[in-house]
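Text of entry26.cif (mmCIF, C-alpha atoms) as supplied:
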```
data_run
#
loop_
_atom_site.group_PDB
_atom_site.id
_atom_site.type_symbol
_atom_site.label_atom_id
_atom_site.label_comp_id
_atom_site.auth_asym_id
_atom_site.auth_seq_id
_atom_site.Cartn_x
_atom_site.Cartn_y
_atom_site.Cartn_z
ATOM 1 C CA MET A 1 24.592 79.884 -38.390
ATOM 2 C CA SER A 2 27.776 77.992 -37.673
ATOM 3 C CA ALA A 3 29.049 77.443 -34.125
ATOM 4 C CA PRO A 4 31.832 80.070 -34.496
ATOM 5 C CA GLN A 5 29.286 82.576 -35.863
ATOM 6 C CA ALA A 6 26.940 81.844 -32.951
ATOM 7 C CA GLU A 7 29.786 82.326 -30.477
ATOM 8 C CA ALA A 8 30.714 85.636 -32.127
ATOM 9 C CA VAL A 9 27.118 86.835 -31.863
ATOM 10 C CA ALA A 10 26.925 85.739 -28.222
ATOM 11 C CA GLY A 11 30.196 87.525 -27.519
ATOM 12 C CA ASP A 12 28.861 90.647 -29.209
ATOM 13 C CA LEU A 13 25.903 90.607 -26.794
ATOM 14 C CA ALA A 14 27.944 90.208 -23.601
ATOM 15 C CA GLY A 15 27.252 93.809 -22.526
ATOM 16 C CA LEU A 16 23.506 93.511 -23.083
ATOM 17 C CA HIS A 17 21.263 94.570 -20.204
ATOM 18 C CA PHE A 18 17.867 96.088 -19.527
ATOM 19 C CA ARG A 19 16.537 98.961 -17.451
ATOM 20 C CA PRO A 20 13.130 100.545 -16.977
ATOM 21 C CA MET A 21 12.312 103.264 -19.479
ATOM 22 C CA GLU A 22 12.680 106.757 -18.031
ATOM 23 C CA ALA A 23 11.254 110.140 -19.011
ATOM 24 C CA SER A 24 14.688 111.020 -20.405
ATOM 25 C CA ASP A 25 14.335 108.115 -22.898
ATOM 26 C CA LEU A 26 11.020 109.257 -24.373
ATOM 27 C CA GLY A 27 12.379 111.506 -27.128
ATOM 28 C CA TRP A 28 14.858 108.859 -28.235
ATOM 29 C CA VAL A 29 12.262 106.060 -28.152
ATOM 30 C CA ALA A 30 9.721 108.078 -30.151
ATOM 31 C CA ALA A 31 12.420 109.030 -32.694
ATOM 32 C CA GLN A 32 13.379 105.350 -33.115
ATOM 33 C CA ASP A 33 9.734 104.352 -33.538
ATOM 34 C CA ALA A 34 9.353 107.046 -36.233
ATOM 35 C CA GLN A 35 12.349 105.585 -38.098
ATOM 36 C CA LEU A 36 11.067 102.028 -37.836
ATOM 37 C CA TYR A 37 7.348 102.317 -38.580
ATOM 38 C CA PRO A 38 5.151 104.250 -41.014
ATOM 39 C CA PHE A 39 2.603 104.755 -38.190
ATOM 40 C CA PRO A 40 4.771 105.143 -35.065
ATOM 41 C CA TRP A 41 3.862 105.651 -31.453
ATOM 42 C CA SER A 42 4.259 109.220 -30.263
ATOM 43 C CA GLU A 43 6.321 110.369 -27.316
ATOM 44 C CA GLY A 44 2.980 110.838 -25.550
ATOM 45 C CA ASN A 45 2.000 107.198 -26.186
ATOM 46 C CA PHE A 46 5.172 106.029 -24.470
ATOM 47 C CA ALA A 47 4.745 108.545 -21.619
ATOM 48 C CA ASP A 48 1.153 107.356 -21.118
ATOM 49 C CA SER A 49 2.363 103.751 -20.963
ATOM 50 C CA ILE A 50 4.815 104.639 -18.190
ATOM 51 C CA SER A 51 2.086 106.589 -16.337
ATOM 52 C CA ALA A 52 -0.313 103.651 -16.664
ATOM 53 C CA GLY A 53 2.204 101.401 -14.907
ATOM 54 C CA TYR A 54 3.022 99.226 -17.890
ATOM 55 C CA ALA A 55 6.408 97.531 -17.947
ATOM 56 C CA CYS A 56 8.358 99.877 -20.225
ATOM 57 C CA TRP A 57 11.953 98.837 -20.805
ATOM 58 C CA VAL A 58 15.029 99.928 -22.692
ATOM 59 C CA MET A 59 17.626 97.405 -23.852
ATOM 60 C CA LEU A 60 21.243 98.566 -23.795
ATOM 61 C CA ASP A 61 24.469 97.172 -25.202
ATOM 62 C CA ASP A 62 26.901 98.561 -22.650
ATOM 63 C CA THR A 63 25.730 102.219 -22.674
ATOM 64 C CA GLU A 64 24.155 102.299 -26.159
ATOM 65 C CA ARG A 65 20.355 102.064 -26.311
ATOM 66 C CA VAL A 66 19.543 99.371 -28.866
ATOM 67 C CA GLY A 67 15.917 98.450 -28.224
ATOM 68 C CA TYR A 68 12.797 99.110 -26.228
ATOM 69 C CA GLY A 69 9.358 97.766 -25.537
ATOM 70 C CA VAL A 70 6.131 97.999 -23.593
ATOM 71 C CA LEU A 71 4.452 95.108 -21.767
ATOM 72 C CA MET A 72 0.974 95.295 -20.228
ATOM 73 C CA MET A 73 -0.054 92.832 -17.514
ATOM 74 C CA VAL A 74 -3.732 91.907 -17.157
ATOM 75 C CA ILE A 75 -4.456 89.361 -14.422
ATOM 76 C CA ASP A 76 -2.728 86.182 -15.679
ATOM 77 C CA GLU A 77 -1.909 87.398 -19.192
ATOM 78 C CA ALA A 78 0.827 89.652 -20.497
ATOM 79 C CA HIS A 79 0.462 91.613 -23.715
ATOM 80 C CA ILE A 80 3.409 93.033 -25.641
ATOM 81 C CA LEU A 81 2.214 96.377 -26.968
ATOM 82 C CA ASN A 82 5.480 97.461 -28.577
ATOM 83 C CA ILE A 83 8.785 95.677 -29.099
ATOM 84 C CA SER A 84 11.489 97.199 -31.256
ATOM 85 C CA VAL A 85 15.199 97.014 -32.025
ATOM 86 C CA VAL A 86 16.925 100.020 -33.605
ATOM 87 C CA ALA A 87 17.320 99.643 -37.365
ATOM 88 C CA ALA A 88 21.120 99.502 -37.347
ATOM 89 C CA ARG A 89 21.133 96.577 -34.901
ATOM 90 C CA GLN A 90 18.398 94.363 -36.340
ATOM 91 C CA ARG A 91 19.036 90.756 -37.384
ATOM 92 C CA GLY A 92 21.698 90.197 -34.746
ATOM 93 C CA GLY A 93 19.777 88.386 -32.008
ATOM 94 C CA LEU A 94 18.621 91.471 -30.097
ATOM 95 C CA GLY A 95 14.927 90.958 -30.870
ATOM 96 C CA ARG A 96 15.129 87.442 -29.478
ATOM 97 C CA ARG A 97 16.789 88.738 -26.310
ATOM 98 C CA LEU A 98 14.228 91.522 -25.842
ATOM 99 C CA LEU A 99 11.400 89.066 -26.404
ATOM 100 C CA GLY A 100 12.968 86.708 -23.842
ATOM 101 C CA HIS A 101 13.234 89.552 -21.333
ATOM 102 C CA PHE A 102 9.516 90.260 -21.679
ATOM 103 C CA ALA A 103 8.642 86.567 -21.375
ATOM 104 C CA GLU A 104 10.651 86.395 -18.135
ATOM 105 C CA LEU A 105 8.983 89.540 -16.766
ATOM 106 C CA ALA A 106 5.591 88.060 -17.620
ATOM 107 C CA ARG A 107 6.409 84.760 -15.874
ATOM 108 C CA GLU A 108 7.674 86.587 -12.786
ATOM 109 C CA SER A 109 4.399 88.548 -12.684
ATOM 110 C CA GLY A 110 2.335 85.351 -12.779
ATOM 111 C CA ALA A 111 1.264 85.428 -16.414
ATOM 112 C CA ARG A 112 0.276 82.137 -17.962
ATOM 113 C CA ARG A 113 0.565 83.363 -21.529
ATOM 114 C CA LEU A 114 2.131 86.146 -23.538
ATOM 115 C CA LEU A 115 0.168 87.811 -26.336
ATOM 116 C CA LEU A 116 1.003 90.222 -29.143
ATOM 117 C CA GLU A 117 -0.307 91.482 -32.456
ATOM 118 C CA VAL A 118 1.779 91.641 -35.619
ATOM 119 C CA ARG A 119 1.143 92.753 -39.178
ATOM 120 C CA PRO A 120 0.898 89.818 -41.622
ATOM 121 C CA SER A 121 3.252 91.828 -43.871
ATOM 122 C CA ASN A 122 6.004 91.869 -41.201
ATOM 123 C CA GLY A 123 7.860 88.732 -42.253
ATOM 124 C CA PRO A 124 10.934 89.186 -40.029
ATOM 125 C CA ALA A 125 8.786 89.641 -36.905
ATOM 126 C CA LEU A 126 6.589 86.667 -37.799
ATOM 127 C CA ALA A 127 9.702 84.505 -38.185
ATOM 128 C CA LEU A 128 11.100 85.707 -34.841
ATOM 129 C CA TYR A 129 7.861 84.983 -33.008
ATOM 130 C CA ALA A 130 7.474 81.548 -34.633
ATOM 131 C CA ARG A 131 11.054 80.621 -33.642
ATOM 132 C CA ALA A 132 10.234 81.713 -30.071
ATOM 133 C CA GLY A 133 7.241 79.353 -29.992
ATOM 134 C CA PHE A 134 4.370 81.798 -30.556
ATOM 135 C CA GLN A 135 1.329 80.474 -32.367
ATOM 136 C CA THR A 136 -1.248 82.445 -34.311
ATOM 137 C CA ILE A 137 -4.575 82.264 -32.472
ATOM 138 C CA GLY A 138 -6.627 84.904 -34.281
ATOM 139 C CA ARG A 139 -6.871 87.825 -36.644
ATOM 140 C CA ARG A 140 -8.034 91.354 -35.859
ATOM 141 C CA LYS A 141 -9.560 92.773 -39.056
ATOM 142 C CA GLY A 142 -8.303 96.252 -39.928
ATOM 143 C CA TYR A 143 -6.278 96.485 -36.710
ATOM 144 C CA TYR A 144 -3.372 98.570 -38.055
ATOM 145 C CA PRO A 145 -3.402 101.796 -40.067
ATOM 146 C CA ALA A 146 -1.778 101.256 -43.453
ATOM 147 C CA VAL A 147 -1.062 103.318 -46.520
ATOM 148 C CA GLY A 148 -4.353 103.434 -48.399
ATOM 149 C CA GLY A 149 -6.437 101.807 -45.669
ATOM 150 C CA ARG A 150 -6.029 99.301 -42.871
ATOM 151 C CA GLU A 151 -4.116 96.060 -42.329
ATOM 152 C CA ASP A 152 -5.169 93.098 -40.223
ATOM 153 C CA GLY A 153 -3.287 92.154 -37.077
ATOM 154 C CA LEU A 154 -2.397 88.544 -36.365
ATOM 155 C CA VAL A 155 -2.873 87.677 -32.689
ATOM 156 C CA MET A 156 -0.104 85.416 -31.457
ATOM 157 C CA SER A 157 0.226 83.621 -28.140
ATOM 158 C CA LEU A 158 3.016 81.917 -26.204
ATOM 159 C CA ALA A 159 2.170 79.627 -23.318
ATOM 160 C CA LEU A 160 4.351 80.429 -20.327
#
```

Show me this structure written as structure tokens.
Amino acid sequence: MSAPQAEAVAGDLAGLHFRPMEASDLGWVAAQDAQLYPFPWSEGNFADSISAGYACWVMLDDTERVGYGVLMMVIDEAHILNISVVAARQRGGLGRRLLGHFAELARESGARRLLLEVRPSNGPALALYARAGFQTIGRRKGYYPAVGGREDGLVMSLAL
């Protein structure tokens, strides 16, 4: 990306901010997840995450909801359980910003590393995580449901 393109993208993200996910977001978040994934989280999964005290956040561009995610803290580790950008806004730097928000939350909570799982077939996510400095540290066999069976999950880690 050229410098003018990078500046245009940065300018496009000037209104970007984050807020905790609320009950009024649950229908929208579940609907987005259903559009993005063949095996989405349900509204109940997101509601349970809020009830459990996980860090559930919505990313907004001015007033438009453009992303969301769920972060679980366990002692000195943070685990991203869900991180998503709406389909119409992907490939514009929002995933990187949402990932950075979760890394900052994890650091502020005393985490020493940030973990996540990703499908090996999810090339765009793998590229995003690699650019952010995540390294693959393991593989969970049959971790994800998949059409016709199961798909492994790659475990990735970022030292904070």

**Request:** Go through A:Leu71, A:Val66, A:Leu16, A:Leu36 and flag the residue nearest Ala52 (chain A), using only C-alpha atoms for the distances.
**Result:**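 Distance minimum relative to Ala52 (chain A) lands on A:Leu71.
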
Residues proximal to (6.8, 79.4, -29.3) were defined as those with any atom within 12 Å of that point in the file's coordinates, counting all atoms listed in the file. Which are they, as a CSV table (one decimal) with C-alpha atoms, keeping the file's coordinate frame?
```csv
chain,number,residue,atom,x,y,z
A,96,ARG,CA,15.1,87.4,-29.5
A,99,LEU,CA,11.4,89.1,-26.4
A,100,GLY,CA,13.0,86.7,-23.8
A,103,ALA,CA,8.6,86.6,-21.4
A,113,ARG,CA,0.6,83.4,-21.5
A,114,LEU,CA,2.1,86.1,-23.5
A,115,LEU,CA,0.2,87.8,-26.3
A,126,LEU,CA,6.6,86.7,-37.8
A,127,ALA,CA,9.7,84.5,-38.2
A,128,LEU,CA,11.1,85.7,-34.8
A,129,TYR,CA,7.9,85.0,-33.0
A,130,ALA,CA,7.5,81.5,-34.6
A,131,ARG,CA,11.1,80.6,-33.6
A,132,ALA,CA,10.2,81.7,-30.1
A,133,GLY,CA,7.2,79.4,-30.0
A,134,PHE,CA,4.4,81.8,-30.6
A,135,GLN,CA,1.3,80.5,-32.4
A,136,THR,CA,-1.2,82.4,-34.3
A,156,MET,CA,-0.1,85.4,-31.5
A,157,SER,CA,0.2,83.6,-28.1
A,158,LEU,CA,3.0,81.9,-26.2
A,159,ALA,CA,2.2,79.6,-23.3
A,160,LEU,CA,4.4,80.4,-20.3
```

**Prompt:** For Asn122 (chain A), which of A:Pro20, A:Gly138, A:Gly69, A:Tyr37 is the closest residue, counting all atoms listed in the file?
**Reply:** A:Tyr37

**Picked residues, the PyMOL selection byres ((chain A and resi 25) around 10), expected as a PyMOL selection string** = chain A and resi 20-24+26-30+43+46-47+57-58+65+68

**Request:** Work out how far apart CA of Val118 (chain A) and CA of Leu154 (chain A) are and give it in Å to one decimal.
**Result:**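 Taking CA of Val118 (chain A) and CA of Leu154 (chain A), their separation equals 5.3 Å.
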
**Item:** CA of Gly153 (chain A) to CA of Arg139 (chain A), straight-line distance in Å
**Value:** 5.6 Å

**Request:** Give me the residues within 12 Å of Ala88 (chain A) as a ChimeraX atom specification, counting all atoms listed in the file and dropping any in the same chain fewer than 2 places off.
**Result:** /A:32,35-36,64-67,84-86,90-92,94

**Prompt:** How many Å separate CA of Leu81 (chain A) from CA of Arg119 (chain A)?
**Reply:**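 Pair CA of Leu81 (chain A) / CA of Arg119 (chain A) returns 12.8 Å.
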
**Asked** With distances taken over all atoms listed in the file, which of A:Glu108, A:Leu13, A:Pro40, A:Ala78 is nearest to Asp61 (chain A)?
**Response** A:Leu13

**Asked** Do you know which residues the PyMOL selection byres ((chain A and resi 151) around 9) returns on this file, as an MDAnalysis selection string?
**Response** chainID A and resid 119:121 140:147 149:150 152:153

**Message:** Please list, as a list in words, the residues that have an atom at most 9 Å away from (3.0, 89.4, -12.7) in the coordinates of this file, counting all atoms listed in the file.
**Reply:** Met73, Val74, Ile75, Asp76, Glu77, Ala78, Leu105, Ala106, Arg107, Glu108, Ser109, Gly110 and Ala111 of chain A

Taking all atoms of region 121-129 of chain A that appear in the file, build a box with edges along x, y and z, extend it by 8 Å on every side, and state its centre and edge lengths in Å to one decimal, as lines of an AutoDock Vina configuration file.
```
center_x = 7.2
center_y = 88.2
center_z = -38.4
size_x = 23.8
size_y = 23.4
size_z = 26.9
```

Block slice region 32-69 of chain A, N, CA and C atoms, emitted as a CSV table (one decimal), in the first residue's frame:
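Just written: out_34.csv:
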```csv
chain,number,residue,atom,x,y,z
A,32,GLN,N,-24.7,-11.0,12.3
A,32,GLN,CA,-23.4,-10.9,11.6
A,32,GLN,C,-22.7,-12.2,11.6
A,33,ASP,N,-22.6,-12.9,12.8
A,33,ASP,CA,-21.9,-14.1,12.9
A,33,ASP,C,-22.5,-15.1,11.9
A,34,ALA,N,-23.8,-15.2,11.8
A,34,ALA,CA,-24.5,-16.1,10.8
A,34,ALA,C,-24.1,-15.8,9.4
A,35,GLN,N,-23.9,-14.5,9.1
A,35,GLN,CA,-23.5,-14.1,7.7
A,35,GLN,C,-22.0,-14.5,7.4
A,36,LEU,N,-21.2,-14.5,8.5
A,36,LEU,CA,-19.8,-14.6,8.3
A,36,LEU,C,-19.3,-16.1,8.3
A,37,TYR,N,-20.0,-16.9,9.1
A,37,TYR,CA,-19.5,-18.3,9.4
A,37,TYR,C,-20.5,-19.4,9.1
A,38,PRO,N,-20.1,-20.5,8.6
A,38,PRO,CA,-21.0,-21.6,8.4
A,38,PRO,C,-21.5,-22.2,9.7
A,39,PHE,N,-20.8,-22.1,10.8
A,39,PHE,CA,-21.1,-22.6,12.1
A,39,PHE,C,-21.0,-21.4,13.1
A,40,PRO,N,-22.0,-20.5,13.0
A,40,PRO,CA,-21.9,-19.3,13.9
A,40,PRO,C,-22.2,-19.5,15.3
A,41,TRP,N,-21.8,-18.5,16.1
A,41,TRP,CA,-22.2,-18.5,17.5
A,41,TRP,C,-23.7,-18.0,17.5
A,42,SER,N,-24.4,-18.5,18.5
A,42,SER,CA,-25.8,-18.0,18.6
A,42,SER,C,-25.9,-16.8,19.5
A,43,GLU,N,-27.1,-16.2,19.5
A,43,GLU,CA,-27.3,-15.0,20.4
A,43,GLU,C,-27.1,-15.4,21.8
A,44,GLY,N,-27.5,-16.7,22.1
A,44,GLY,CA,-27.3,-17.2,23.5
A,44,GLY,C,-25.8,-17.3,23.8
A,45,ASN,N,-24.9,-17.7,22.9
A,45,ASN,CA,-23.5,-17.8,23.1
A,45,ASN,C,-22.9,-16.5,23.5
A,46,PHE,N,-23.3,-15.4,22.8
A,46,PHE,CA,-22.8,-14.1,23.1
A,46,PHE,C,-23.4,-13.6,24.4
A,47,ALA,N,-24.7,-13.9,24.7
A,47,ALA,CA,-25.3,-13.5,26.0
A,47,ALA,C,-24.6,-14.2,27.2
A,48,ASP,N,-24.3,-15.5,27.0
A,48,ASP,CA,-23.5,-16.2,28.0
A,48,ASP,C,-22.2,-15.6,28.3
A,49,SER,N,-21.5,-15.2,27.2
A,49,SER,CA,-20.2,-14.6,27.3
A,49,SER,C,-20.2,-13.3,28.2
A,50,ILE,N,-21.3,-12.5,27.9
A,50,ILE,CA,-21.4,-11.3,28.7
A,50,ILE,C,-21.7,-11.7,30.2
A,51,SER,N,-22.6,-12.6,30.4
A,51,SER,CA,-22.9,-13.1,31.8
A,51,SER,C,-21.7,-13.6,32.5
A,52,ALA,N,-20.9,-14.3,31.8
A,52,ALA,CA,-19.7,-14.9,32.4
A,52,ALA,C,-18.6,-13.9,32.7
A,53,GLY,N,-18.8,-12.6,32.3
A,53,GLY,CA,-17.8,-11.6,32.6
A,53,GLY,C,-16.7,-11.5,31.6
A,54,TYR,N,-16.8,-12.1,30.5
A,54,TYR,CA,-15.8,-12.0,29.4
A,54,TYR,C,-15.9,-10.5,28.9
A,55,ALA,N,-14.7,-10.1,28.3
A,55,ALA,CA,-14.7,-8.8,27.7
A,55,ALA,C,-15.3,-8.9,26.3
A,56,CYS,N,-16.5,-8.4,26.2
A,56,CYS,CA,-17.3,-8.5,25.0
A,56,CYS,C,-17.4,-7.1,24.4
A,57,TRP,N,-16.9,-6.8,23.2
A,57,TRP,CA,-16.8,-5.5,22.7
A,57,TRP,C,-17.4,-5.3,21.3
A,58,VAL,N,-17.9,-4.2,21.0
A,58,VAL,CA,-18.4,-3.8,19.7
A,58,VAL,C,-17.5,-2.7,19.2
A,59,MET,N,-17.1,-2.8,17.9
A,59,MET,CA,-16.3,-1.7,17.3
A,59,MET,C,-17.2,-0.9,16.4
A,60,LEU,N,-17.1,0.4,16.5
A,60,LEU,CA,-18.0,1.3,15.8
A,60,LEU,C,-17.1,2.2,14.9
A,61,ASP,N,-17.7,2.6,13.8
A,61,ASP,CA,-17.1,3.6,12.9
A,61,ASP,C,-18.2,4.7,13.0
A,62,ASP,N,-17.9,5.8,13.8
A,62,ASP,CA,-18.9,6.8,14.2
A,62,ASP,C,-20.0,6.0,14.9
A,63,THR,N,-21.2,5.9,14.3
A,63,THR,CA,-22.3,5.2,14.9
A,63,THR,C,-22.6,3.9,14.3
A,64,GLU,N,-21.9,3.5,13.3
A,64,GLU,CA,-22.1,2.2,12.6
A,64,GLU,C,-21.3,1.1,13.2
A,65,ARG,N,-22.0,0.0,13.6
A,65,ARG,CA,-21.3,-1.2,14.2
A,65,ARG,C,-20.6,-1.9,13.0
A,66,VAL,N,-19.3,-2.1,13.2
A,66,VAL,CA,-18.5,-2.7,12.1
A,66,VAL,C,-17.7,-3.9,12.5
A,67,GLY,N,-17.7,-4.2,13.8
A,67,GLY,CA,-17.0,-5.4,14.3
A,67,GLY,C,-17.4,-5.7,15.7
A,68,TYR,N,-16.9,-6.9,16.2
A,68,TYR,CA,-17.2,-7.3,17.5
A,68,TYR,C,-16.2,-8.4,17.9
A,69,GLY,N,-16.2,-8.7,19.2
A,69,GLY,CA,-15.3,-9.8,19.6
A,69,GLY,C,-15.5,-10.1,21.1
```
